[in-house]
Structures are given as C-alpha cells and as structure tokens.
$ cat target00.cif   # mmCIF, C-alpha atoms and all ligand atoms
data_entry
#
loop_
_atom_site.label_atom_id
_atom_site.label_comp_id
_atom_site.auth_asym_id
_atom_site.auth_seq_id
_atom_site.Cartn_x
_atom_site.Cartn_y
_atom_site.Cartn_z
CA MET A 1 0.00 0.00 0.00
CA ARG A 2 1.04 3.62 -0.21
CA PHE A 3 -0.38 6.95 0.84
CA LEU A 4 0.11 10.64 0.16
CA THR A 5 -1.22 13.69 1.96
CA GLY A 6 -1.47 17.26 0.66
CA GLY A 7 -2.73 20.61 1.87
CA GLU A 8 -1.69 23.48 4.15
CA SER A 9 -2.60 24.28 7.73
CA HIS A 10 -4.63 27.38 6.77
CA GLY A 11 -5.51 26.32 3.22
CA PRO A 12 -8.97 25.14 2.18
CA GLU A 13 -8.50 21.47 3.08
CA LEU A 14 -6.24 18.50 3.65
CA THR A 15 -6.31 15.73 1.07
CA GLY A 16 -5.22 12.10 1.39
CA ILE A 17 -4.94 9.23 -1.06
CA LEU A 18 -4.57 5.67 0.21
CA GLU A 19 -3.84 3.09 -2.44
CA GLY A 20 -3.77 -0.69 -2.16
CA LEU A 21 -6.81 -1.34 0.02
CA PRO A 22 -8.77 -4.43 -0.94
CA ALA A 23 -12.33 -4.04 -2.26
CA GLY A 24 -15.28 -4.75 0.02
CA ILE A 25 -14.30 -3.13 3.34
CA GLU A 26 -17.43 -1.64 4.89
CA LEU A 27 -15.80 1.50 6.23
CA ASP A 28 -17.45 3.11 9.24
CA ILE A 29 -17.07 6.87 8.64
CA ASP A 30 -18.11 7.65 12.23
CA LYS A 31 -15.09 5.68 13.42
CA ILE A 32 -12.80 7.81 11.23
CA ASN A 33 -14.40 10.98 12.64
CA HIS A 34 -14.05 9.61 16.17
CA GLU A 35 -10.30 9.26 15.63
CA LEU A 36 -10.13 12.82 14.27
CA ALA A 37 -11.92 14.10 17.37
CA ARG A 38 -9.50 12.16 19.60
CA ARG A 39 -6.56 13.90 17.89
CA GLN A 40 -8.13 17.29 18.56
CA ALA A 41 -8.71 16.54 22.25
CA GLY A 42 -5.99 16.12 24.86
CA TYR A 43 -4.71 18.48 27.53
CA GLY A 44 -2.29 21.23 26.51
CA ARG A 45 -3.61 22.15 23.07
CA ASN A 46 -4.44 25.63 21.74
CA LEU A 47 -7.63 27.42 20.71
CA ARG A 48 -7.41 26.25 17.08
CA MET A 49 -8.89 23.00 18.36
CA GLN A 50 -12.07 24.87 19.26
CA ILE A 51 -12.36 26.27 15.72
CA GLU A 52 -11.89 22.98 13.90
CA HIS A 53 -14.38 20.11 14.18
CA ASP A 54 -12.68 17.72 11.82
CA GLN A 55 -14.91 15.58 9.66
CA VAL A 56 -13.71 13.41 6.81
CA GLN A 57 -15.28 13.48 3.37
CA ILE A 58 -14.69 10.50 1.10
CA ARG A 59 -14.20 11.59 -2.47
CA GLY A 60 -13.23 8.39 -4.27
CA GLY A 61 -12.69 4.63 -4.03
CA PHE A 62 -15.80 4.08 -1.91
CA ILE A 63 -19.19 3.21 -3.43
CA TYR A 64 -22.37 1.95 -1.71
CA GLY A 65 -20.59 1.94 1.66
CA LYS A 66 -17.68 -0.27 0.62
CA THR A 67 -14.13 0.21 -0.66
CA THR A 68 -13.81 -0.60 -4.36
CA GLY A 69 -10.12 -1.44 -4.64
CA ALA A 70 -9.49 1.95 -6.28
CA PRO A 71 -7.48 4.62 -4.42
CA LEU A 72 -9.40 5.87 -1.39
CA VAL A 73 -9.51 9.66 -1.65
CA MET A 74 -10.29 11.64 1.50
CA ALA A 75 -10.61 15.33 2.39
CA ILE A 76 -10.78 17.23 5.69
CA ARG A 77 -11.91 20.83 5.43
CA ASN A 78 -10.00 23.48 7.41
CA LYS A 79 -12.75 25.52 9.01
CA ASP A 80 -10.20 28.18 9.98
CA TYR A 81 -9.71 28.86 6.25
CA GLU A 82 -12.80 31.09 6.40
CA ASN A 83 -10.76 33.44 8.62
CA TRP A 84 -7.76 33.33 6.27
CA GLU A 85 -9.21 33.21 2.75
CA GLU A 86 -9.40 36.98 2.36
CA LYS A 87 -5.91 37.50 3.78
CA TRP A 88 -4.39 34.96 1.37
CA LYS A 89 -6.19 36.52 -1.61
CA GLU A 90 -5.40 40.12 -0.65
CA ARG A 91 -1.84 39.15 0.38
CA THR A 92 -2.22 41.08 3.62
CA LEU A 93 -0.44 38.59 5.87
CA ASP A 94 2.83 39.87 7.35
CA LYS A 95 5.95 38.05 6.31
CA LEU A 96 7.48 35.94 9.07
CA ASN A 97 11.22 36.28 8.91
CA ILE A 98 12.36 35.60 12.46
CA PRO A 99 12.69 31.79 12.44
CA ARG A 100 11.74 29.79 15.54
CA PRO A 101 14.54 27.54 16.82
CA GLY A 102 13.41 23.91 16.71
CA HIS A 103 10.87 24.47 13.93
CA ALA A 104 11.29 23.95 10.18
CA ASP A 105 11.35 27.75 9.60
CA LEU A 106 15.06 28.49 9.05
CA ALA A 107 16.17 25.28 7.34
CA GLY A 108 13.04 25.39 5.16
CA MET A 109 13.58 29.03 4.12
CA GLN A 110 17.21 28.33 3.26
CA LYS A 111 16.40 25.16 1.35
CA TYR A 112 13.53 26.63 -0.70
CA ARG A 113 15.04 30.14 -0.99
CA LEU A 114 12.06 31.84 0.62
CA ASP A 115 11.97 35.07 2.64
CA ASP A 116 8.76 34.15 4.46
CA ALA A 117 8.68 31.33 7.01
CA ARG A 118 4.89 31.25 6.70
CA ILE A 119 5.18 29.26 3.46
CA ILE A 120 7.26 26.65 5.30
CA LEU A 121 5.22 26.46 8.47
CA GLU A 122 1.95 26.08 6.58
CA ARG A 123 3.07 22.61 5.52
CA ALA A 124 5.44 21.80 8.43
CA SER A 125 2.53 22.35 10.83
CA ALA A 126 1.23 19.21 12.50
CA ARG A 127 -2.20 20.01 11.07
CA GLU A 128 -1.11 17.54 8.35
CA THR A 129 -1.31 14.76 10.93
CA ALA A 130 -5.12 15.05 10.86
CA MET A 131 -5.06 13.33 7.46
CA ARG A 132 -2.62 10.70 8.72
CA VAL A 133 -5.10 9.97 11.51
CA ALA A 134 -7.89 9.50 8.91
CA ILE A 135 -5.65 7.14 6.91
CA GLY A 136 -4.68 5.30 10.10
CA ALA A 137 -8.36 4.99 11.04
CA VAL A 138 -9.01 3.20 7.73
CA CYS A 139 -5.99 0.93 8.33
CA LYS A 140 -7.30 0.18 11.83
CA GLN A 141 -10.60 -0.97 10.32
CA LEU A 142 -8.75 -3.34 7.98
CA LEU A 143 -6.64 -4.66 10.88
CA ALA A 144 -9.71 -5.05 13.11
CA LEU A 145 -11.16 -7.49 10.56
CA ALA A 146 -8.07 -9.60 11.25
CA GLY A 147 -8.47 -9.18 15.02
CA VAL A 148 -5.56 -6.74 15.48
CA ASN A 149 -6.16 -3.87 17.94
CA ILE A 150 -4.02 -0.82 18.62
CA TYR A 151 -3.77 1.12 21.89
CA SER A 152 -1.66 4.00 23.17
CA TYR A 153 -0.87 5.70 26.46
CA VAL A 154 1.01 8.77 27.68
CA VAL A 155 3.72 7.38 29.97
CA GLN A 156 5.76 10.54 30.57
CA ILE A 157 5.31 14.33 30.49
CA GLY A 158 8.49 16.27 31.29
CA SER A 159 9.98 14.42 34.27
CA VAL A 160 6.63 12.96 35.47
CA LYS A 161 6.59 9.24 34.57
CA THR A 162 4.53 6.12 34.98
CA GLU A 163 5.47 2.49 34.29
CA PRO A 164 4.69 1.41 30.70
CA VAL A 165 1.65 -0.86 30.36
CA ALA A 166 2.75 -4.53 30.19
CA GLU A 167 -0.61 -6.38 30.07
CA MET A 168 -4.41 -5.78 30.10
CA PHE A 169 -3.86 -3.31 27.28
CA GLU A 170 -7.52 -2.66 26.54
CA GLU A 171 -8.41 -2.04 30.20
CA ALA A 172 -5.51 0.41 30.59
CA PHE A 173 -6.54 2.12 27.35
CA ASN A 174 -10.11 2.61 28.60
CA ILE A 175 -8.77 4.28 31.76
CA SER A 176 -6.41 6.55 29.84
CA GLU A 177 -9.09 7.52 27.31
CA ALA A 178 -11.24 8.80 30.18
CA SER A 179 -8.53 11.32 31.08
CA GLN A 180 -7.51 14.40 29.07
CA LEU A 181 -3.90 13.39 29.67
CA ARG A 182 -4.39 9.89 28.20
CA CYS A 183 -2.32 8.48 31.06
CA PRO A 184 -3.41 5.08 32.43
CA VAL A 185 -2.65 6.04 36.06
CA PRO A 186 -5.05 8.78 37.29
CA GLU A 187 -2.74 10.06 40.08
CA THR A 188 0.13 10.43 37.62
CA ALA A 189 -2.23 12.16 35.16
CA GLU A 190 -2.85 14.87 37.77
CA LYS A 191 0.90 15.44 38.17
CA MET A 192 1.31 15.55 34.39
CA GLN A 193 -1.43 18.17 34.15
CA ALA A 194 0.35 20.27 36.78
CA ALA A 195 3.61 20.00 34.78
CA ILE A 196 1.83 21.27 31.64
CA ASP A 197 0.19 24.11 33.59
CA LEU A 198 3.56 25.15 35.02
CA ALA A 199 5.19 25.17 31.57
CA LYS A 200 2.33 27.34 30.27
CA GLU A 201 2.61 29.76 33.22
CA ASN A 202 6.30 30.12 32.43
CA GLY A 203 5.58 30.85 28.75
CA ASP A 204 7.26 27.55 27.92
CA THR A 205 6.43 24.13 26.42
CA ILE A 206 6.94 20.50 27.45
CA GLY A 207 7.39 17.09 25.76
CA GLY A 208 6.91 13.47 26.77
CA VAL A 209 6.82 9.78 25.91
CA ILE A 210 4.01 7.80 24.25
CA GLN A 211 3.66 4.02 24.43
CA VAL A 212 1.91 2.38 21.48
CA VAL A 213 0.82 -1.26 21.46
CA ALA A 214 -0.62 -3.58 18.81
CA GLU A 215 -2.25 -6.72 20.18
CA SER A 216 -3.02 -10.02 18.38
CA VAL A 217 -0.55 -9.35 15.57
CA PRO A 218 0.06 -12.56 13.60
CA VAL A 219 3.53 -14.10 13.38
CA GLY A 220 5.39 -13.22 10.20
CA LEU A 221 4.81 -9.55 9.34
CA GLY A 222 8.01 -7.97 7.99
CA SER A 223 11.12 -9.95 7.10
CA HIS A 224 14.78 -10.44 7.99
CA VAL A 225 15.76 -10.88 4.33
CA HIS A 226 16.23 -7.25 3.34
CA TRP A 227 16.82 -3.98 5.23
CA ASP A 228 13.70 -2.21 4.05
CA ARG A 229 11.42 -5.16 4.82
CA ARG A 230 12.32 -5.26 8.54
CA LEU A 231 9.22 -4.43 10.57
CA ASP A 232 11.21 -2.63 13.30
CA GLY A 233 12.85 -0.34 10.74
CA ARG A 234 9.53 0.42 9.11
CA ILE A 235 7.84 1.25 12.41
CA GLY A 236 10.83 3.38 13.44
CA GLY A 237 10.75 5.36 10.20
CA ALA A 238 7.00 5.88 10.42
CA MET A 239 7.12 7.12 14.02
CA LEU A 240 10.07 9.43 13.43
CA SER A 241 8.23 10.92 10.44
CA ILE A 242 5.69 12.45 12.87
CA PRO A 243 6.63 16.09 13.59
CA ALA A 244 8.50 16.52 16.89
CA MET A 245 9.12 12.76 17.45
CA LYS A 246 12.87 12.46 18.05
CA GLY A 247 13.31 9.05 19.63
CA MET A 248 11.75 5.65 19.25
CA GLU A 249 12.19 2.44 21.19
CA ILE A 250 11.07 -1.10 20.41
CA GLY A 251 10.20 -3.11 23.53
CA ASP A 252 12.54 -2.32 26.42
CA ALA A 253 15.38 -1.24 24.10
CA TYR A 254 16.74 1.61 26.25
CA SER A 255 16.72 -0.23 29.60
CA ASN A 256 17.89 -3.48 27.94
CA VAL A 257 21.26 -1.80 27.42
CA GLU A 258 21.84 -1.98 31.18
CA ARG A 259 21.01 -5.73 31.37
CA THR A 260 23.00 -8.77 30.25
CA GLY A 261 21.74 -10.86 27.34
CA SER A 262 20.33 -13.65 29.50
CA ASN A 263 18.20 -11.06 31.28
CA VAL A 264 17.02 -9.46 28.07
CA HIS A 265 16.04 -12.12 25.53
CA ASP A 266 12.60 -13.59 25.94
CA GLU A 267 12.94 -17.31 26.74
CA ILE A 268 10.97 -19.72 24.57
CA HIS A 269 8.78 -22.33 26.33
CA ILE A 270 5.98 -24.71 25.49
CA VAL A 271 2.81 -24.12 27.51
CA ASP A 272 -0.24 -26.33 26.79
CA GLY A 273 1.39 -27.45 23.56
CA LYS A 274 1.89 -23.88 22.34
CA ILE A 275 5.05 -21.86 21.85
CA SER A 276 5.01 -19.22 24.55
CA ARG A 277 7.07 -16.41 26.14
CA LYS A 278 7.02 -15.30 29.76
CA ARG A 279 8.00 -11.73 28.95
CA ASN A 280 8.22 -9.44 25.94
CA ARG A 281 11.33 -7.32 26.22
CA ALA A 282 11.76 -7.61 22.44
CA GLY A 283 8.49 -5.72 21.93
CA GLY A 284 7.03 -8.40 19.65
CA ILE A 285 9.66 -8.24 16.91
CA GLU A 286 12.69 -10.51 16.37
CA GLY A 287 14.82 -10.41 13.22
CA GLY A 288 12.58 -7.73 11.75
CA ILE A 289 9.61 -10.17 11.91
CA SER A 290 6.56 -10.00 14.21
CA ASN A 291 6.82 -12.97 16.61
CA GLY A 292 3.20 -13.12 17.76
CA GLU A 293 3.72 -11.19 21.01
CA PRO A 294 2.17 -7.71 21.32
CA ILE A 295 4.13 -5.09 19.39
CA VAL A 296 5.19 -2.51 21.97
CA VAL A 297 6.96 0.74 21.08
CA LYS A 298 7.70 4.01 22.81
CA VAL A 299 7.98 7.32 20.99
CA TYR A 300 9.79 10.37 22.42
CA MET A 301 8.29 13.78 21.64
CA LYS A 302 10.37 16.93 22.09
CA PRO A 303 8.83 20.07 23.64
CA ILE A 304 6.85 22.19 21.14
CA PRO A 305 9.23 24.66 19.42
CA THR A 306 6.89 27.68 19.52
CA VAL A 307 7.60 29.12 22.95
CA THR A 308 5.51 32.09 24.20
CA LEU A 309 8.46 33.79 25.82
CA GLY A 310 10.23 33.82 22.44
CA MET A 311 13.64 32.21 21.90
CA PRO A 312 16.72 34.08 20.72
CA SER A 313 16.87 34.15 16.92
CA ILE A 314 17.62 36.56 14.07
CA GLU A 315 15.51 38.76 11.82
CA LEU A 316 16.61 37.60 8.39
CA SER A 317 15.74 40.87 6.58
CA THR A 318 18.14 42.86 8.82
CA MET A 319 20.38 40.05 10.09
CA LYS A 320 19.93 41.51 13.59
CA GLU A 321 19.35 39.37 16.68
CA LYS A 322 15.70 39.32 17.74
CA LYS A 323 13.37 37.04 19.69
CA ALA A 324 11.40 34.51 17.61
CA GLU A 325 7.83 35.53 16.84
CA TYR A 326 5.10 33.70 18.71
CA GLN A 327 2.42 31.94 16.65
CA ARG A 328 -0.74 30.50 18.19
CA SER A 329 0.54 27.23 19.56
CA ASP A 330 0.15 24.23 21.85
CA THR A 331 1.91 24.04 25.23
CA CYS A 332 2.02 20.25 25.05
CA ALA A 333 0.72 18.01 22.27
CA VAL A 334 1.80 14.65 23.72
CA PRO A 335 -1.76 13.47 24.64
CA SER A 336 -3.03 14.37 21.13
CA ALA A 337 0.00 12.88 19.41
CA THR A 338 -0.85 9.44 20.88
CA VAL A 339 -3.55 9.22 18.19
CA VAL A 340 -1.06 10.08 15.44
CA CYS A 341 1.33 7.39 16.72
CA GLU A 342 -1.51 4.83 16.69
CA ALA A 343 -2.31 5.85 13.12
CA MET A 344 1.27 5.39 11.93
CA LEU A 345 1.55 1.97 13.61
CA ALA A 346 -1.77 0.99 12.02
CA TRP A 347 -0.45 2.10 8.64
CA VAL A 348 2.78 0.05 8.88
CA LEU A 349 0.99 -3.05 10.14
CA ALA A 350 -1.79 -2.82 7.54
CA ASP A 351 0.84 -2.43 4.82
CA ALA A 352 2.83 -5.42 6.13
CA TYR A 353 -0.40 -7.40 6.54
CA MET A 354 -1.37 -6.78 2.91
CA GLU A 355 2.10 -7.87 1.81
CA LYS A 356 1.74 -11.19 3.58
CA PHE A 357 -1.96 -11.92 3.15
CA GLY A 358 -2.81 -9.51 0.33
CA GLY A 359 -5.59 -9.96 -2.17
CA ASP A 360 -7.88 -7.81 -4.25
CA SER A 361 -10.99 -8.34 -2.16
CA VAL A 362 -11.38 -8.39 1.60
CA GLN A 363 -12.66 -11.99 1.37
CA GLU A 364 -9.42 -13.03 -0.35
CA VAL A 365 -7.31 -11.27 2.28
CA LEU A 366 -9.12 -12.83 5.23
CA ARG A 367 -9.09 -16.30 3.65
C1 LIG B 1 -0.07 16.74 17.32
C2 LIG B 1 1.04 17.74 17.20
C3 LIG B 1 0.80 19.07 17.48
C4 LIG B 1 1.81 20.02 17.37
N1 LIG B 1 1.54 21.32 17.68
C5 LIG B 1 2.51 22.26 17.55
C6 LIG B 1 2.24 23.63 17.84
O1 LIG B 1 1.13 24.01 18.23
N2 LIG B 1 3.26 24.51 17.71
C7 LIG B 1 4.51 24.14 17.30
O2 LIG B 1 5.39 24.97 17.19
N3 LIG B 1 4.79 22.85 17.03
C8 LIG B 1 3.83 21.89 17.13
N4 LIG B 1 4.13 20.59 16.85
C9 LIG B 1 5.50 20.22 16.50
C10 LIG B 1 5.97 20.75 15.17
O3 LIG B 1 5.05 20.40 14.14
C11 LIG B 1 7.37 20.26 14.83
O4 LIG B 1 8.19 20.40 15.93
C12 LIG B 1 7.93 21.02 13.65
O5 LIG B 1 7.19 20.67 12.50
C13 LIG B 1 9.41 20.80 13.41
O6 LIG B 1 9.66 19.49 13.05
P1 LIG B 1 10.59 18.54 13.94
O7 LIG B 1 10.28 18.85 15.36
O8 LIG B 1 10.17 17.15 13.57
O9 LIG B 1 11.99 18.84 13.60
C14 LIG B 1 3.12 19.62 16.97
C15 LIG B 1 3.35 18.27 16.67
C16 LIG B 1 2.34 17.33 16.78
C17 LIG B 1 2.62 15.88 16.46
#

$ encode --input "target00.cif" --output "structure tokens"
Amino acid sequence: MRFLTGGESHGPELTGILEGLPAGIELDIDKINHELARRQAGYGRNLRMQIEHDQVQIRGGFIYGKTTGAPLVMAIRNKDYENWEEKWKERTLDKLNIPRPGHADLAGMQKYRLDDARIILERASARETAMRVAIGAVCKQLLALAGVNIYSYVVQIGSVKTEPVAEMFEEAFNISEASQLRCPVPETAEKMQAAIDLAKENGDTIGGVIQVVAESVPVGLGSHVHWDRRLDGRIGGAMLSIPAMKGMEIGDAYSNVERTGSNVHDEIHIVDGKISRKRNRAGGIEGGISNGEPIVVKVYMKPIPTVTLGMPSIELSTMKEKKAEYQRSDTCAVPSATVVCEAMLAWVLADAYMEKFGGDSVQEVLR
C-alpha cells in the first residue's frame, strides 16, 4: 500500500490518497471521525482545536458503503480557512522572517530560498497529521477485521513518569481515554497536568513519551531478508516521520542496554502445547519479523518549538538578533499525538499485513 497527503494548515483542506486497500471493506465513517476528534482533544492544546471540528469526506474509491479497490480519496476541510481566505487573496499577511529555533522555519527558508517562514510552516505544521489519523483509522478498520487492535498511552510528560503498560492493554486504554492526559494512572495524570500548567505559566512548552501497542498481531509480518522489509525499521521510520518525534524504542530497548543478554532475551517455552514467552522485552519483533507477542513501542516527543516567551533568533531581513515571533501554539501536544502514533503503527501493520496476506478483495485477504 502507499499513501500521500497534501494541503496546508490554513488552506482550504487536507487531502489524502490511500492506495492498495482491498475491495469490500465496509468503512465506518463515524469511526474515522471519532479518531479525528480524539486527535483534537488532549490536555495542553491551543484554541485552534475549538475552531476545527474535523470531519472526513470521502471523495473516491468508496461506493455503496464499501471500498472498491481503487485509491481511497479523503478530504478534511480546514474551518479556519474562512478566517484566512481573504488575507491569502489580498496578500495582507505579514511576512514571518524571524525563524523559531526547533521548527522547520530556518532550514526550510534556506532550502527553498524563501523570505517568508509562513510558506514553510503552513506545511510543516502538525495540522497535516489530521489526514494521517484518517488514513490510520481506515488501516485500523482493515486490521480489526483480522483481530488486530491498537492502543496508546502517555507514559511521561516532562519528568513525570509512569510504568509502561505490560498487560491488560484494553483495560488500561479505557482508563487513559477517560482522562484528558491519556495516562493510564489517574494520580500520575494529575501530576502531568500540573507540569503542563507550570510550563504554560512560564511561557514555555513541554514534551513526553508515548507508548503504542498492537495486540493479536500474527507471526510473520516484515522480514529479515532485506533492510527495508524489517518491521522494526519500518515502524521506526513511520514514528520518526511524525513532527516533533525524536526518539523511538522497540520493547525495552533503552533499559535493555543496562542488562545482560540472558536477562534481556525472551525465553521460549511450550505451555499447553503452544510456543510461549514469559515476557516481551523484544516488543514483539525478532529479526525484523513479528513474533506473535504484542508489538510494543515508545515514541519520544520533544517540547513544542513555539515558545511564548520567544527564543533568541535573528531577523533575516536585517540580520539583527531578535526574539522569535510567537504563533498560536500548543503548550504540550503529547496526549493528542498518541492518536497520530496509533495511526502510523496501524499504517505500517496494515501495509505489512497486505504484503503477507494480500488480495484484491477483503474476502481473499481474510481467507
Ligand atoms: C499533534 C502535534 C501538534 C503540534 N503542535 C505544535 C504547535 O502548536 N506549535 C509548534 O510549534 N509545534 C507543534 N508541533 C510540532 C511541530 O510540528 C514540529 O516540531 C515542527 O514541525 C518541526 O519538526 P521537527 O520537530 O520534527 O523537527 C506539533 C506536533 C504534533 C505531532
């Protein structure tokens, strides 16, 4: 499968094309919209979220309630465009030429030879991830037919941490979904909220860590035979392609470094005639292949680069030192970004699933 997204943050709409889906999937559009609403919720976000009420429109590849096998074409309107349309047409928007450290502004302006960071930030903005969430929601529906479920949790905000979830994934997910922090431990969620509030009070921003889990993944997705078929590499690339995600861990990768091999690798036993593991430090992938255990990854999100107090930078038109200009921005987007991470995991697994079990119709795939 493959997908493309297009569209700017304050343009008329976001567009997505997903190719390679089998025919005959009865897509539930409400479920796609539910995922879009989840991305917009989450503690720490800005007022833009109150303007947008994202709804997907399907523009192709879907007839009489089912996928047709043709590219699935989707659109999400930017409601905020109504407030910008005139300004774009009249060209009355000020140029932004004091780049924000940590954003795409400076490198983008230099690369594309532009004197206005607005043109860069319109596409670098994480608004684009709304379409990825729609695409991921479709992939989730394909995976659900095969019994695969995806969950995510906020396990760290700033220095406030909780233990990653190791079992009862659905139960923990239901608890975290009930909280604006998406943390599975309510007491920790309160401390996380306080950390976000403090960052906001200080005119600053804060990052965190997201755990993403896929349960009931069949053995054999991905392959050891070639570098770009390894499932771990594909998940890593997909997660690091999400804006602001700077680290990514499969299983207990970071703490495994402090253990010896015999304490890391997941012993293989036979229980009731079945191959079984007592633990899952490998995070469900060995040799680039899913091994039947839950796929467990952690993704590390840096603090948002747009900082209210303004970071030292330069005004490019005068080459004088000035503080970076503040744009309407989130204080913390970790709880919202959980949904984007789920979407990207769903995309990689659906793609790998279609490689292994692929067919032209959903009946063929499931058979
Ligand atoms: C869901 C989500 C929301 C984000 N919101 C903002 C924001 O409001 N302001 C901002 O400056 N960056 C925000 N970011 C991060 C930037 O998009 C990102 O840092 C920027 O594009 C630079 O890319 P890089 O951090 O990957 O280098 C957000 C990221 C995500 C995933």

$ atom_distance --input "target00.cif" --atom1 "atom CA of Leu18 of chain A" --atom2 "atom CA of Met1 of chain A"
7.3 Å

$ residues_around --input "target00.cif" --residues "Tyr326 of chain A" --least-positions-apart "3" --cutoff "7 Å" --atoms "only C-alpha atoms" --output "number ranges by chain"
A: 306-308, 310

$ atom_distance --input "target00.cif" --atom1 "atom CA of Lys320 of chain A" --atom2 "atom CA of Leu121 of chain A"
21.7 Å

$ residues_near_ligand --input "target00.cif" --ligand "ligand LIG 1 (chain B)" --cutoff "9 Å" --atoms "all atoms listed in the file" --output "MDAnalysis selection string"
chainID A and resid 39:40 45:46 48 100 102:105 121 123:130 240:246 301:307 326:341

$ residues_near_point --input "target00.cif" --point "(4.7, -17.3, 23.9)" --cutoff "12 Å" --atoms "all atoms listed in the file" --output "list in words"
Ser216, Val219, Asp266, Glu267, Ile268, His269, Ile270, Val271, Asp272, Gly273, Lys274, Ile275, Ser276, Arg277, Lys278, Arg279, Asn280, Gly284, Asn291, Gly292, Glu293 and Pro294 of chain A

$ residues_around --input "target00.cif" --residues "segment 347-351 of chain A" --least-positions-apart "2" --cutoff "8 Å" --atoms "only C-alpha atoms" --output "PDB file with C-alpha atoms, keeping the file's coordinate frame"
ATOM      1  CA  MET A   1       0.000   0.000   0.000  1.00  0.00           C
ATOM      2  CA  ARG A   2       1.040   3.620  -0.210  1.00  0.00           C
ATOM      3  CA  ILE A 135      -5.650   7.140   6.910  1.00  0.00           C
ATOM      4  CA  GLY A 136      -4.680   5.300  10.100  1.00  0.00           C
ATOM      5  CA  CYS A 139      -5.990   0.930   8.330  1.00  0.00           C
ATOM      6  CA  LYS A 140      -7.300   0.180  11.830  1.00  0.00           C
ATOM      7  CA  LEU A 142      -8.750  -3.340   7.980  1.00  0.00           C
ATOM      8  CA  LEU A 143      -6.640  -4.660  10.880  1.00  0.00           C
ATOM      9  CA  LEU A 221       4.810  -9.550   9.340  1.00  0.00           C
ATOM     10  CA  ARG A 234       9.530   0.420   9.110  1.00  0.00           C
ATOM     11  CA  ILE A 235       7.840   1.250  12.410  1.00  0.00           C
ATOM     12  CA  ALA A 238       7.000   5.880  10.420  1.00  0.00           C
ATOM     13  CA  ALA A 343      -2.310   5.850  13.120  1.00  0.00           C
ATOM     14  CA  MET A 344       1.270   5.390  11.930  1.00  0.00           C
ATOM     15  CA  LEU A 345       1.550   1.970  13.610  1.00  0.00           C
ATOM     16  CA  TYR A 353      -0.400  -7.400   6.540  1.00  0.00           C
ATOM     17  CA  MET A 354      -1.370  -6.780   2.910  1.00  0.00           C
ATOM     18  CA  GLU A 355       2.100  -7.870   1.810  1.00  0.00           C
TER      19      GLU A 355
END

$ closest_residue --input "target00.cif" --among "A:Met131, A:Ile285, A:Ala41, A:Val138" --to "Arg230 of chain A" --atoms "all atoms listed in the file"
A:Ile285

$ atom_distance --input "target00.cif" --atom1 "atom CA of Asp94 of chain A" --atom2 "atom CA of Met311 of chain A"
19.7 Å
